[in-house]
$ cat work_1.cif   # mmCIF, C-alpha atoms
data_entry
#
loop_
_atom_site.label_atom_id
_atom_site.label_comp_id
_atom_site.auth_asym_id
_atom_site.auth_seq_id
_atom_site.Cartn_x
_atom_site.Cartn_y
_atom_site.Cartn_z
CA MET A 1 80.38 130.23 161.04
CA PRO A 2 82.32 127.75 163.21
CA ALA A 3 85.43 129.92 163.47
CA THR A 4 83.57 132.54 165.51
CA ASP A 5 81.07 130.13 167.13
CA THR A 6 78.26 132.00 165.37
CA TYR A 7 75.12 130.22 164.26
CA ILE A 8 72.80 132.29 162.10
CA GLU A 9 69.34 130.83 162.51
CA LYS A 10 67.63 130.34 159.17
CA GLU A 11 64.67 132.67 159.07
CA THR A 12 62.07 131.51 156.58
CA SER A 13 59.48 134.04 155.50
CA ILE A 14 56.55 131.88 154.42
CA ASN A 15 54.30 133.30 151.75
CA ASP A 16 50.82 132.79 153.17
CA GLU A 17 49.28 132.09 149.77
CA ILE A 18 51.88 129.44 148.90
CA ASP A 19 51.57 127.89 152.35
CA LYS A 20 47.80 127.73 151.92
CA LEU A 21 48.19 126.07 148.52
CA ARG A 22 50.63 123.51 149.95
CA TYR A 23 48.19 122.35 152.64
CA SER A 24 45.26 122.48 150.26
CA THR A 25 47.14 120.30 147.77
CA THR A 26 48.08 117.54 150.20
CA SER A 27 44.60 117.38 151.70
CA VAL A 28 42.77 117.27 148.37
CA LEU A 29 45.14 114.61 147.01
CA LEU A 30 44.16 112.34 149.89
CA GLU A 31 40.43 112.94 149.34
CA ARG A 32 39.95 112.65 145.56
CA ARG A 33 41.57 111.59 142.27
CA ASP A 34 40.55 114.31 139.80
CA VAL A 35 43.34 116.68 140.79
CA ILE A 36 45.78 118.73 138.69
CA VAL A 37 48.79 120.07 140.59
CA VAL A 38 51.20 122.67 139.21
CA THR A 39 54.40 122.58 141.22
CA SER A 40 58.01 123.69 141.11
CA ILE A 41 61.15 121.68 141.71
CA SER A 42 60.27 121.79 145.42
CA CYS A 43 58.06 118.72 144.92
CA ILE A 44 61.16 116.52 145.44
CA TYR A 45 61.89 117.99 148.91
CA GLY A 46 60.99 116.10 152.06
CA LEU A 47 57.43 116.16 153.35
CA ALA A 48 55.59 114.32 156.12
CA ASN A 49 54.65 110.65 155.88
CA PRO A 50 51.32 110.66 153.96
CA LYS A 51 50.02 107.66 155.93
CA GLU A 52 50.68 109.36 159.26
CA TYR A 53 49.18 112.58 157.90
CA ARG A 54 46.02 110.73 156.81
CA ASP A 55 45.74 108.75 160.05
CA LEU A 56 45.68 111.97 162.08
CA THR A 57 42.68 113.31 160.15
CA LEU A 58 39.66 114.28 162.22
CA SER A 59 36.50 112.94 160.52
CA LEU A 60 33.15 114.43 161.53
CA ARG A 61 29.56 113.70 160.46
CA PRO A 62 26.15 114.94 161.66
CA GLY A 63 24.62 112.42 164.06
CA MET A 64 28.03 111.16 165.20
CA VAL A 65 28.30 110.59 168.94
CA LYS A 66 31.31 112.71 169.83
CA ASP A 67 32.07 114.57 173.03
CA GLN A 68 32.98 118.21 172.40
CA ASP A 69 36.01 118.03 174.68
CA GLU A 70 37.24 115.00 172.74
CA VAL A 71 37.06 116.98 169.49
CA LEU A 72 38.93 119.90 171.06
CA ARG A 73 41.70 117.62 172.34
CA LYS A 74 42.02 116.05 168.90
CA LEU A 75 42.33 119.47 167.27
CA VAL A 76 45.13 120.39 169.67
CA ASP A 77 46.86 117.06 168.97
CA ILE A 78 46.93 117.82 165.23
CA GLN A 79 48.47 121.24 165.93
CA TYR A 80 45.42 123.52 165.72
CA GLN A 81 45.54 126.42 168.15
CA ARG A 82 42.59 127.83 170.01
CA ASN A 83 42.11 131.52 169.31
CA ASP A 84 38.72 133.09 169.97
CA ILE A 85 39.82 136.52 168.66
CA ASP A 86 42.22 136.19 165.72
CA PHE A 87 40.50 133.51 163.63
CA VAL A 88 43.04 132.52 160.97
CA ARG A 89 44.11 129.33 159.19
CA GLY A 90 45.16 126.58 161.59
CA THR A 91 43.04 127.86 164.50
CA PHE A 92 39.67 127.08 166.07
CA ARG A 93 37.31 128.90 168.41
CA VAL A 94 34.61 127.76 170.81
CA ARG A 95 31.35 129.48 171.65
CA GLY A 96 29.14 127.37 173.87
CA ASP A 97 28.10 124.25 171.96
CA VAL A 98 29.55 125.57 168.70
CA VAL A 99 33.10 124.87 167.48
CA GLU A 100 34.41 126.75 164.44
CA ILE A 101 37.49 125.39 162.71
CA PHE A 102 39.61 127.19 160.10
CA PRO A 103 41.40 124.42 158.13
CA ALA A 104 45.04 125.02 157.18
CA GLY A 105 44.35 124.69 153.45
CA SER A 106 41.12 126.69 153.33
CA TYR A 107 40.49 129.70 151.10
CA GLY A 108 38.49 131.77 153.55
CA GLN A 109 35.91 129.11 154.40
CA ALA A 110 35.66 127.69 157.91
CA ILE A 111 33.76 124.73 159.33
CA ARG A 112 31.13 125.20 162.04
CA VAL A 113 30.30 122.13 164.14
CA GLU A 114 27.22 122.39 166.35
CA PHE A 115 26.78 119.95 169.24
CA PHE A 116 23.67 118.82 171.06
CA GLY A 117 24.96 117.13 174.17
CA ASP A 118 27.47 114.48 173.08
CA GLU A 119 26.15 114.34 169.53
CA ILE A 120 27.09 116.39 166.47
CA ASP A 121 23.84 118.10 165.49
CA ARG A 122 24.89 119.99 162.35
CA ILE A 123 27.96 120.84 160.27
CA THR A 124 27.99 123.95 158.10
CA GLU A 125 30.54 125.69 155.93
CA ILE A 126 30.77 129.39 156.72
CA ASP A 127 32.63 132.48 155.56
CA ALA A 128 35.48 132.89 158.05
CA LEU A 129 35.15 136.69 158.01
CA THR A 130 31.40 137.35 157.90
CA ARG A 131 30.28 134.01 159.43
CA GLU A 132 27.67 133.72 156.66
CA VAL A 133 26.48 130.15 156.10
CA LEU A 134 27.69 128.95 152.68
CA GLY A 135 26.36 125.40 152.78
CA TYR A 136 25.63 122.29 154.81
CA ARG A 137 28.05 119.38 155.01
CA THR A 138 27.27 115.71 155.53
CA HIS A 139 30.92 114.95 156.21
CA VAL A 140 34.09 116.92 156.83
CA ALA A 141 37.71 115.81 157.15
CA ILE A 142 40.00 118.10 159.13
CA PHE A 143 43.62 117.44 158.19
CA PRO A 144 46.51 118.40 160.51
CA ALA A 145 47.45 122.07 160.66
CA LEU A 146 51.12 121.13 160.19
CA HIS A 147 52.60 118.49 157.92
CA TYR A 148 54.91 117.16 160.62
CA ALA A 149 52.18 116.64 163.20
CA SER A 150 52.61 113.24 164.86
CA SER A 151 50.72 111.00 167.22
CA ARG A 152 51.93 111.02 170.83
CA GLU A 153 53.13 107.42 170.51
CA ARG A 154 55.15 108.17 167.38
CA LEU A 155 56.57 111.33 168.94
CA GLU A 156 57.71 109.48 172.06
CA GLN A 157 59.44 106.83 169.94
CA ALA A 158 61.14 109.54 167.90
CA ILE A 159 62.34 111.43 170.98
CA ALA A 160 63.78 108.23 172.47
CA GLN A 161 65.77 107.61 169.27
CA ILE A 162 66.92 111.25 169.12
CA GLU A 163 68.22 111.04 172.70
CA TYR A 164 70.03 107.78 171.92
CA ASP A 165 71.74 109.22 168.81
CA LEU A 166 72.53 112.43 170.68
CA GLU A 167 74.34 110.51 173.42
CA ILE A 168 76.45 108.64 170.87
CA ARG A 169 77.33 111.76 168.87
CA VAL A 170 78.21 113.83 171.95
CA LYS A 171 80.51 111.07 173.22
CA GLU A 172 82.15 110.89 169.79
CA LEU A 173 82.82 114.64 169.78
CA LYS A 174 84.19 114.61 173.33
CA ASP A 175 86.51 111.70 172.49
CA GLN A 176 87.90 113.87 169.70
CA GLY A 177 88.48 116.72 172.16
CA ARG A 178 85.80 118.86 170.53
CA PHE A 179 84.03 119.95 173.69
CA LEU A 180 82.60 123.15 172.21
CA GLU A 181 80.86 121.25 169.41
CA ALA A 182 79.58 118.66 171.88
CA GLN A 183 78.09 121.31 174.17
CA ARG A 184 76.59 123.15 171.21
CA LEU A 185 74.86 120.02 169.93
CA LEU A 186 73.69 118.99 173.40
CA GLN A 187 72.18 122.38 174.15
CA ARG A 188 70.46 122.76 170.79
CA THR A 189 69.00 119.25 170.61
CA ASN A 190 67.82 119.15 174.22
CA TYR A 191 66.00 122.43 173.66
CA ASP A 192 64.22 120.99 170.61
CA ILE A 193 63.29 117.85 172.55
CA GLU A 194 61.86 119.92 175.40
CA ILE A 195 59.68 121.92 173.01
CA MET A 196 58.49 118.78 171.22
CA CYS A 197 57.54 117.18 174.54
CA GLU A 198 55.48 120.23 175.47
CA VAL A 199 53.70 121.12 172.20
CA GLY A 200 54.49 118.24 169.82
CA TYR A 201 56.39 120.50 167.45
CA CYS A 202 59.47 122.72 167.24
CA ASN A 203 61.07 125.05 164.73
CA GLY A 204 63.12 123.00 162.32
CA ILE A 205 61.28 119.78 163.17
CA GLU A 206 61.85 118.63 159.60
CA ASN A 207 65.47 117.97 160.61
CA TYR A 208 64.11 115.13 162.75
CA SER A 209 61.90 113.71 159.99
CA LEU A 210 64.05 110.56 159.89
CA TYR A 211 62.80 109.66 163.37
CA LEU A 212 59.23 110.88 162.91
CA ASP A 213 58.81 108.92 159.67
CA GLY A 214 60.39 105.77 161.09
CA ARG A 215 62.87 105.62 158.19
CA GLN A 216 66.37 104.17 158.17
CA PRO A 217 69.33 106.48 157.38
CA GLY A 218 69.72 106.85 153.62
CA GLU A 219 66.16 105.84 152.76
CA PRO A 220 64.36 108.24 150.39
CA PRO A 221 62.26 110.84 152.21
CA TYR A 222 58.54 111.17 151.67
CA THR A 223 57.70 113.94 149.21
CA LEU A 224 54.66 115.42 147.52
CA LEU A 225 54.96 112.63 144.93
CA ASP A 226 53.99 110.09 147.62
CA TYR A 227 50.62 111.79 148.06
CA PHE A 228 49.58 110.98 144.48
CA PRO A 229 47.91 107.70 143.45
CA GLU A 230 50.17 105.13 141.76
CA ASP A 231 48.90 105.86 138.24
CA PHE A 232 49.50 109.63 138.27
CA LEU A 233 50.82 111.38 135.16
CA VAL A 234 53.71 113.88 135.23
CA PHE A 235 54.28 116.69 132.73
CA ILE A 236 57.78 118.21 132.89
CA ASP A 237 57.66 121.54 131.07
CA GLU A 238 60.92 122.96 129.70
CA SER A 239 62.59 119.69 130.62
CA HIS A 240 65.98 120.95 129.38
CA VAL A 241 65.93 123.29 132.42
CA ILE A 242 64.15 121.10 134.98
CA ILE A 243 66.11 117.86 134.49
CA PRO A 244 69.54 119.44 135.29
CA GLN A 245 67.98 121.09 138.36
CA LEU A 246 66.63 117.74 139.54
CA ARG A 247 70.10 116.24 139.19
CA ALA A 248 71.77 119.03 141.16
CA MET A 249 69.44 119.46 144.12
CA TYR A 250 70.68 116.59 146.27
CA ALA A 251 74.38 117.49 146.04
CA GLY A 252 73.71 121.16 146.81
CA ASP A 253 71.65 120.28 149.87
CA ARG A 254 74.25 117.81 151.12
CA TYR A 255 77.09 120.32 150.79
CA ARG A 256 75.16 122.95 152.81
CA LYS A 257 74.55 120.53 155.70
CA ASP A 258 78.12 119.25 156.04
CA ASN A 259 79.09 122.16 158.30
CA LEU A 260 75.92 121.86 160.37
CA VAL A 261 76.75 118.27 161.26
CA GLU A 262 80.53 118.59 161.46
CA TYR A 263 80.47 121.49 163.92
CA GLY A 264 77.66 120.31 166.17
CA PHE A 265 74.79 122.47 164.99
CA ARG A 266 72.69 119.45 164.05
CA LEU A 267 72.59 115.68 164.43
CA SER A 268 73.55 113.63 161.39
CA ALA A 269 69.84 112.87 160.90
CA THR A 270 69.57 116.30 159.26
CA TYR A 271 71.18 114.72 156.18
CA ASP A 272 67.96 112.74 155.72
CA ASN A 273 65.87 115.90 155.58
CA ARG A 274 66.74 116.28 151.93
CA PRO A 275 65.46 116.32 148.36
CA LEU A 276 65.31 113.13 146.33
CA THR A 277 68.30 112.07 144.30
CA PHE A 278 67.65 112.00 140.56
CA GLU A 279 67.54 108.20 140.59
CA GLU A 280 65.01 108.23 143.43
CA PHE A 281 62.88 110.74 141.53
CA GLU A 282 62.89 108.51 138.46
CA SER A 283 61.82 105.52 140.53
CA LYS A 284 58.74 107.38 141.84
CA ILE A 285 57.27 108.29 138.45
CA ASN A 286 55.95 105.79 135.93
CA GLN A 287 54.14 108.02 133.42
CA VAL A 288 55.87 111.18 132.25
CA ILE A 289 55.64 113.57 129.31
CA TYR A 290 58.64 115.79 128.61
CA VAL A 291 57.83 119.12 126.96
CA ARG A 292 60.56 121.13 125.22
CA ALA A 293 61.33 122.70 121.85
CA THR A 294 64.13 120.30 120.89
CA PRO A 295 64.24 116.93 122.68
CA GLY A 296 67.69 116.06 124.03
CA PRO A 297 69.41 112.69 124.42
CA TYR A 298 67.88 112.07 127.86
CA GLU A 299 64.29 112.71 126.78
CA LEU A 300 64.74 110.65 123.60
CA SER A 301 66.20 107.72 125.54
CA LYS A 302 63.23 107.71 127.93
CA SER A 303 60.47 108.25 125.36
CA SER A 304 58.56 105.53 123.55
CA ARG A 305 56.99 108.12 121.27
CA VAL A 306 57.98 111.64 120.17
CA VAL A 307 55.23 114.00 119.05
CA GLU A 308 56.07 117.16 117.10
CA GLN A 309 53.81 120.15 117.51
CA ILE A 310 53.83 122.45 114.51
CA ILE A 311 51.42 125.16 115.68
CA ARG A 312 51.13 127.02 118.91
CA PRO A 313 48.93 125.53 121.66
CA THR A 314 46.42 128.33 121.05
CA GLY A 315 46.02 127.29 117.40
CA LEU A 316 47.45 130.60 116.18
CA VAL A 317 50.23 130.73 113.61
CA ASP A 318 53.24 133.01 114.08
CA PRO A 319 52.39 136.65 113.25
CA LYS A 320 53.72 138.15 110.03
CA VAL A 321 56.83 140.26 110.64
CA VAL A 322 57.56 143.18 108.28
CA VAL A 323 60.97 144.91 108.40
CA GLN A 324 61.06 148.42 106.87
CA PRO A 325 63.99 150.82 106.40
CA ILE A 326 64.20 153.76 108.78
CA GLU A 327 65.75 156.11 106.17
CA GLY A 328 63.79 159.33 106.01
CA ARG A 329 61.89 158.60 109.24
CA SER A 330 61.98 160.80 112.31
CA THR A 331 63.79 159.25 115.29
CA THR A 332 62.24 161.61 117.87
#
$ encode --input "work_1.cif" --output "structure tokens"
Amino acid sequence: MPATDTYIEKETSINDEIDKLRYSTTSVLLERRDVIVVTSISCIYGLANPKEYRDLTLSLRPGMVKDQDEVLRKLVDIQYQRNDIDFVRGTFRVRGDVVEIFPAGSYGQAIRVEFFGDEIDRITEIDALTREVLGYRTHVAIFPALHYASSRERLEQAIAQIEYDLEIRVKELKDQGRFLEAQRLLQRTNYDIEIMCEVGYCNGIENYSLYLDGRQPGEPPYTLLDYFPEDFLVFIDESHVIIPQLRAMYAGDRYRKDNLVEYGFRLSATYDNRPLTFEEFESKINQVIYVRATPGPYELSKSSRVVEQIIRPTGLVDPKVVVQPIEGRSTT
């Protein structure tokens, strides 16, 4: 609320199950092809660069010569936190020559890595609660605990560009006599930069995704769709509802961020933390099946073949409905 100089920080309550599914989805899409993903309209919202996400993966095999301290440093770099007491997703713990890692997308299974000197002796999958051994692994890939984890080199480049854009925007605001907005932007952005320098991450880091991804202003953001192989197939269920939502998402997001940029709450790069436009969405899919009761003009114009389904998917016909008069019947 610019009139009262009040900024209400957006508090996001993350559903742990949904968050777990999100990390599990991106990691499995980068490991295999036989994947079915059920998603909402949120699949067109910005996500981390899949190449950067893959490059940060920690790959471990039994017999690999790997210093334990090197593994621990790598885990910290990809945003895992050491916690020897509260062992939850996105953490690891160390007990002598044994390192236990709880991947961000795991469903209660953790990875135990046993070292013998500078060599990985054994890798097992364990129950995170009971520590029971569930199986032995010949290879394990530990993906970053956060989607916007970045290498130190990429982070330093991003921070340099943020500082450059901040200087230009602050000067622009001061030239307009808007000293309050300039100070607000300076204070907020410098705080974020300080946190990123210390831990490699900050709340709201997605607003700096333009710099972290190395994109140019206006370029489409990376989304979940970029994690799929090129020949993936899309089913759009109830397309008469989904298609209008896809068309409206970009404009709604842009309108919300106008005040953030205009009044110095965020740099203009926040505009590029956005959903895809409808045209960008269309350009990212090449095989699609629209599912609805009565195909509309859009679906018909995009379809090379229309298939009519007479019976229900279960193979059951509609039940017989009998209407009887209520005269003479008790209504109590």
$ resolve_selection --input "work_1.cif" --expression "the PyMOL selection byres ((chain A and resi 281) around 10)" --output "ChimeraX atom specification"
/A:43-44,220,223,225,246-247,275-280,282-285
$ closest_residue --input "work_1.cif" --among "A:Leu146, A:Leu224, A:Ile195, A:Ala141" --to "Ser40 of chain A" --atoms "only C-alpha atoms"
A:Leu224
$ residues_around --input "work_1.cif" --residues "Gln79 of chain A" --least-positions-apart "2" --cutoff "6 Å" --atoms "all atoms listed in the file" --output "compact mmCIF listing (two decimals) with C-alpha atoms, in the frame of the given file"
# COMPACT_ATOMS: atom_id res chain seq x y z
CA VAL A 76 45.13 120.39 169.67
CA ASP A 77 46.86 117.06 168.97
CA ALA A 145 47.45 122.07 160.66
$ closest_residue --input "work_1.cif" --among "A:Asp55, A:Glu100, A:Asp192, A:Glu153" --to "Leu30 of chain A" --atoms "all atoms listed in the file"
A:Asp55
$ resolve_selection --input "work_1.cif" --expression "the PyMOL selection byres ((chain A and resi 210) around 9)" --output "short mmCIF file (atom, residue, chain, number, x, y, z; two decimals) with C-alpha atoms, in the coordinates of the input"
data_model
loop_
_atom_site.label_atom_id
_atom_site.label_comp_id
_atom_site.auth_asym_id
_atom_site.auth_seq_id
_atom_site.Cartn_x
_atom_site.Cartn_y
_atom_site.Cartn_z
CA ALA A 158 61.14 109.54 167.90
CA GLU A 206 61.85 118.63 159.60
CA ASN A 207 65.47 117.97 160.61
CA TYR A 208 64.11 115.13 162.75
CA SER A 209 61.90 113.71 159.99
CA TYR A 211 62.80 109.66 163.37
CA LEU A 212 59.23 110.88 162.91
CA ASP A 213 58.81 108.92 159.67
CA GLY A 214 60.39 105.77 161.09
CA ARG A 215 62.87 105.62 158.19
CA GLN A 216 66.37 104.17 158.17
CA PRO A 217 69.33 106.48 157.38
CA GLU A 219 66.16 105.84 152.76
CA PRO A 221 62.26 110.84 152.21
CA ALA A 269 69.84 112.87 160.90
CA THR A 270 69.57 116.30 159.26
CA ASP A 272 67.96 112.74 155.72
CA ASN A 273 65.87 115.90 155.58
#
$ residues_around --input "work_1.cif" --residues "segment 107-124 of chain A" --least-positions-apart "6" --cutoff "9 Å" --atoms "all atoms listed in the file" --output "PyMOL selection string"
chain A and resi 20-21+24+60-68+88-89+97-101+131+133-140
$ closest_residue --input "work_1.cif" --among "A:Arg274, A:Arg33, A:Arg178, A:Arg95" --to "Lys257 of chain A" --atoms "all atoms listed in the file"
A:Arg274
$ residues_around --input "work_1.cif" --residues "Val241 of chain A" --least-positions-apart "3" --cutoff "12 Å" --atoms "all atoms listed in the file" --output "ChimeraX atom specification"
/A:40-41,236-238,244-248,290-293,295-296
$ atom_distance --input "work_1.cif" --atom1 "atom CA of Gln287 of chain A" --atom2 "atom CA of Asp231 of chain A"
7.4 Å
$ atom_distance --input "work_1.cif" --atom1 "atom CA of Gly204 of chain A" --atom2 "atom CA of Ala182 of chain A"
19.5 Å
$ atom_distance --input "work_1.cif" --atom1 "atom CA of Ile85 of chain A" --atom2 "atom CA of Thr130 of chain A"
13.7 Å
$ axis_aligned_box --input "work_1.cif" --around "segment 27-33 of chain A" --padding-each-side "3 Å" --output "AutoDock Vina command-line options"
--center_x 42.5 --center_y 114.5 --center_z 147.0 --size_x 11.2 --size_y 11.8 --size_z 15.4
